[in-house]
Structure formats: C-alpha cells, structure tokens
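Here's model-v6.cif, which has mmCIF, C-alpha atoms, pLDDT in the B column; chains and numbers go by the auth columns:
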data_structure
loop_
_atom_site.group_PDB
_atom_site.id
_atom_site.type_symbol
_atom_site.label_atom_id
_atom_site.label_comp_id
_atom_site.label_asym_id
_atom_site.label_seq_id
_atom_site.Cartn_x
_atom_site.Cartn_y
_atom_site.Cartn_z
_atom_site.B_iso_or_equiv
_atom_site.auth_seq_id
_atom_site.auth_asym_id
ATOM 1 C CA MET A 1 0.000 0.000 0.000 58.00 1 N
ATOM 2 C CA PRO A 2 2.185 2.898 -1.191 63.00 2 N
ATOM 3 C CA LEU A 3 1.569 6.278 0.438 87.00 3 N
ATOM 4 C CA ARG A 4 3.266 9.423 1.730 96.00 4 N
ATOM 5 C CA LEU A 5 2.448 10.412 5.275 97.00 5 N
ATOM 6 C CA TYR A 6 4.579 12.974 7.082 98.00 6 N
ATOM 7 C CA VAL A 7 4.882 12.138 10.782 98.00 7 N
ATOM 8 C CA GLU A 8 5.954 15.343 12.502 97.00 8 N
ATOM 9 C CA GLN A 9 6.903 13.711 15.813 97.00 9 N
ATOM 10 C CA MET A 10 9.365 11.456 13.981 97.00 10 N
ATOM 11 C CA ASP A 11 10.365 14.021 11.332 98.00 11 N
ATOM 12 C CA ALA A 12 9.903 11.197 8.836 98.00 12 N
ATOM 13 C CA VAL A 13 7.708 10.206 5.914 98.00 13 N
ATOM 14 C CA VAL A 14 5.987 6.825 5.867 98.00 14 N
ATOM 15 C CA VAL A 15 6.015 5.618 2.255 97.00 15 N
ATOM 16 C CA ASP A 16 4.717 2.069 2.596 95.00 16 N
ATOM 17 C CA VAL A 17 2.951 -0.195 5.090 94.00 17 N
ATOM 18 C CA CYS A 18 2.874 -3.978 5.112 93.00 18 N
ATOM 19 C CA GLY A 19 -0.023 -6.095 6.342 93.00 19 N
ATOM 20 C CA ASP A 20 2.109 -7.445 9.181 96.00 20 N
ATOM 21 C CA GLY A 21 2.539 -3.947 10.671 95.00 21 N
ATOM 22 C CA ARG A 22 5.979 -3.140 9.341 97.00 22 N
ATOM 23 C CA VAL A 23 6.536 0.279 7.816 97.00 23 N
ATOM 24 C CA ARG A 24 9.021 1.694 5.367 96.00 24 N
ATOM 25 C CA LEU A 25 10.155 5.234 5.936 97.00 25 N
ATOM 26 C CA GLU A 26 11.506 7.324 3.090 97.00 26 N
ATOM 27 C CA ASN A 27 15.094 6.284 2.302 96.00 27 N
ATOM 28 C CA GLU A 28 14.993 3.441 4.859 97.00 28 N
ATOM 29 C CA GLU A 29 14.365 -0.295 4.890 97.00 29 N
ATOM 30 C CA TRP A 30 11.296 -2.132 6.195 97.00 30 N
ATOM 31 C CA ARG A 31 11.061 -2.266 9.983 97.00 31 N
ATOM 32 C CA THR A 32 8.631 -2.776 12.834 98.00 32 N
ATOM 33 C CA PRO A 33 7.875 0.569 14.487 98.00 33 N
ATOM 34 C CA THR A 34 8.301 0.967 18.229 98.00 34 N
ATOM 35 C CA LEU A 35 5.171 1.564 20.299 98.00 35 N
ATOM 36 C CA GLN A 36 5.943 5.287 20.405 98.00 36 N
ATOM 37 C CA GLU A 37 6.485 5.395 16.626 98.00 37 N
ATOM 38 C CA LYS A 38 3.289 3.449 16.036 98.00 38 N
ATOM 39 C CA ARG A 39 1.332 5.943 18.142 98.00 39 N
ATOM 40 C CA ALA A 40 2.900 8.868 16.263 98.00 40 N
ATOM 41 C CA ILE A 41 2.021 7.294 12.898 98.00 41 N
ATOM 42 C CA ILE A 42 -1.561 6.611 13.988 98.00 42 N
ATOM 43 C CA TYR A 43 -1.920 10.192 15.242 98.00 43 N
ATOM 44 C CA ALA A 44 -0.554 11.622 11.973 98.00 44 N
ATOM 45 C CA ALA A 45 -2.818 9.376 9.894 97.00 45 N
ATOM 46 C CA THR A 46 -5.905 10.254 11.940 98.00 46 N
ATOM 47 C CA THR A 47 -5.145 13.966 11.614 97.00 47 N
ATOM 48 C CA ALA A 48 -4.628 13.595 7.851 96.00 48 N
ATOM 49 C CA LEU A 49 -7.965 11.774 7.520 96.00 49 N
ATOM 50 C CA ASP A 50 -9.747 14.535 9.437 97.00 50 N
ATOM 51 C CA ASP A 51 -8.154 17.175 7.201 96.00 51 N
ATOM 52 C CA LEU A 52 -9.126 15.270 4.045 95.00 52 N
ATOM 53 C CA ARG A 53 -12.724 14.854 5.244 97.00 53 N
ATOM 54 C CA GLU A 54 -12.923 18.584 5.883 97.00 54 N
ATOM 55 C CA LEU A 55 -11.530 19.281 2.398 96.00 55 N
ATOM 56 C CA VAL A 56 -14.121 16.991 0.784 96.00 56 N
ATOM 57 C CA GLU A 57 -16.954 18.630 2.742 95.00 57 N
ATOM 58 C CA ILE A 58 -15.821 22.109 1.685 95.00 58 N
ATOM 59 C CA LEU A 59 -15.502 21.127 -1.970 93.00 59 N
ATOM 60 C CA GLU A 60 -18.863 19.345 -2.010 93.00 60 N
ATOM 61 C CA ALA A 61 -20.589 22.330 -0.382 95.00 61 N
ATOM 62 C CA ASN A 62 -19.112 24.761 -2.923 91.00 62 N
ATOM 63 C CA PRO A 63 -19.601 23.428 -6.458 83.00 63 N
ATOM 64 C CA PRO A 64 -17.772 25.203 -9.288 83.00 64 N
ATOM 65 C CA ALA A 65 -19.417 28.324 -10.695 77.00 65 N
#
Here is a file; write its structure as structure tokens.
Amino acid sequence: MPLRLYVEQMDAVVVDVCGDGRVRLENEEWRTPTLQEKRAIIYAATTALDDLRELVEILEANPPA
C-alpha cells in the first residue's frame, strides 16, 4: 500500500505499510515501528484523515461556478 504520510513527531515520511505492521520510511528499509512510533504514525494518519474529510466537505458544499 504505497503512500506518503509525514509524521511530525518522527520528522519522517511513511512511504509504505505492510499487512504485518511493518513500515518503510523514506530512504529506509522495512522495519517494525516501536510503540511510540506506532502511536505517532496513527496520530498523523488520523489527523490527515480529518483534514481530508474537511476538504471533501468544503468542496462538495461549494460546487464550481
């Protein structure tokens, strides 16, 4: 599942996630995140989802002229 998620607390970008919970950070190899890293990634992803939902709501409420 390729993606790009900036995780501010880690100052890193998650670029891929494997089904077994391993992550690949930009310019790094696959690894299992620590509990603290996992929490930071989940927080960043949740915040990104909230921001994207808000963007969709704004765009849907304001159709093009």
Determine the nearest neighbour of Asn27 in chain N from the options N:Ala45, N:Arg39, N:Val14, N:Asn62, counting only C-alpha atoms. N:Val14
Coordinates-based distance that separates CA of Leu5 in chain N from CA of Ala48 in chain N (Å, one decimal):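 Separating CA of Ala48 in chain N from CA of Leu5 in chain N is a distance of 8.2 Å.
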Running the PyMOL selection byres ((chain N and resi 33) around 12) on this model by hand, what would come out? Give it as a PyMOL selection string. chain N and resi 10+14+17-18+20-25+29-32+34-42
Please report the interatomic distance between CA of Ile58 in chain N and CA of Asp11 in chain N in Å with one decimal.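 Calculated distance between CA of Ile58 in chain N and CA of Asp11 in chain N is 29.1 Å.
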With distances taken over only C-alpha atoms, which of N:Ala44, N:Asp16, N:Gln9, N:Leu52 is nearest to Glu28 in chain N?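 Among the listed residues, the smallest separation from Glu28 in chain N belongs to N:Asp16.
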Which of these residues is nearest to Tyr43 in chain N, using all atoms listed in the file: N:Val15, N:Val7, N:Leu59, N:Ala65? N:Val7
If I wrap all listed atoms of range 33-43 of chain N in a box with edges along x, y and z and add 4 Å on each side, what are its centre and edge lengths in Å to one decimal, as AutoDock Vina command-line options?
--center_x 3.2 --center_y 5.4 --center_z 16.7 --size_x 18.2 --size_y 17.6 --size_z 15.5
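Between CA of Asp50 in chain N and CA of Tyr6 in chain N lies a distance of 14.6 Å.
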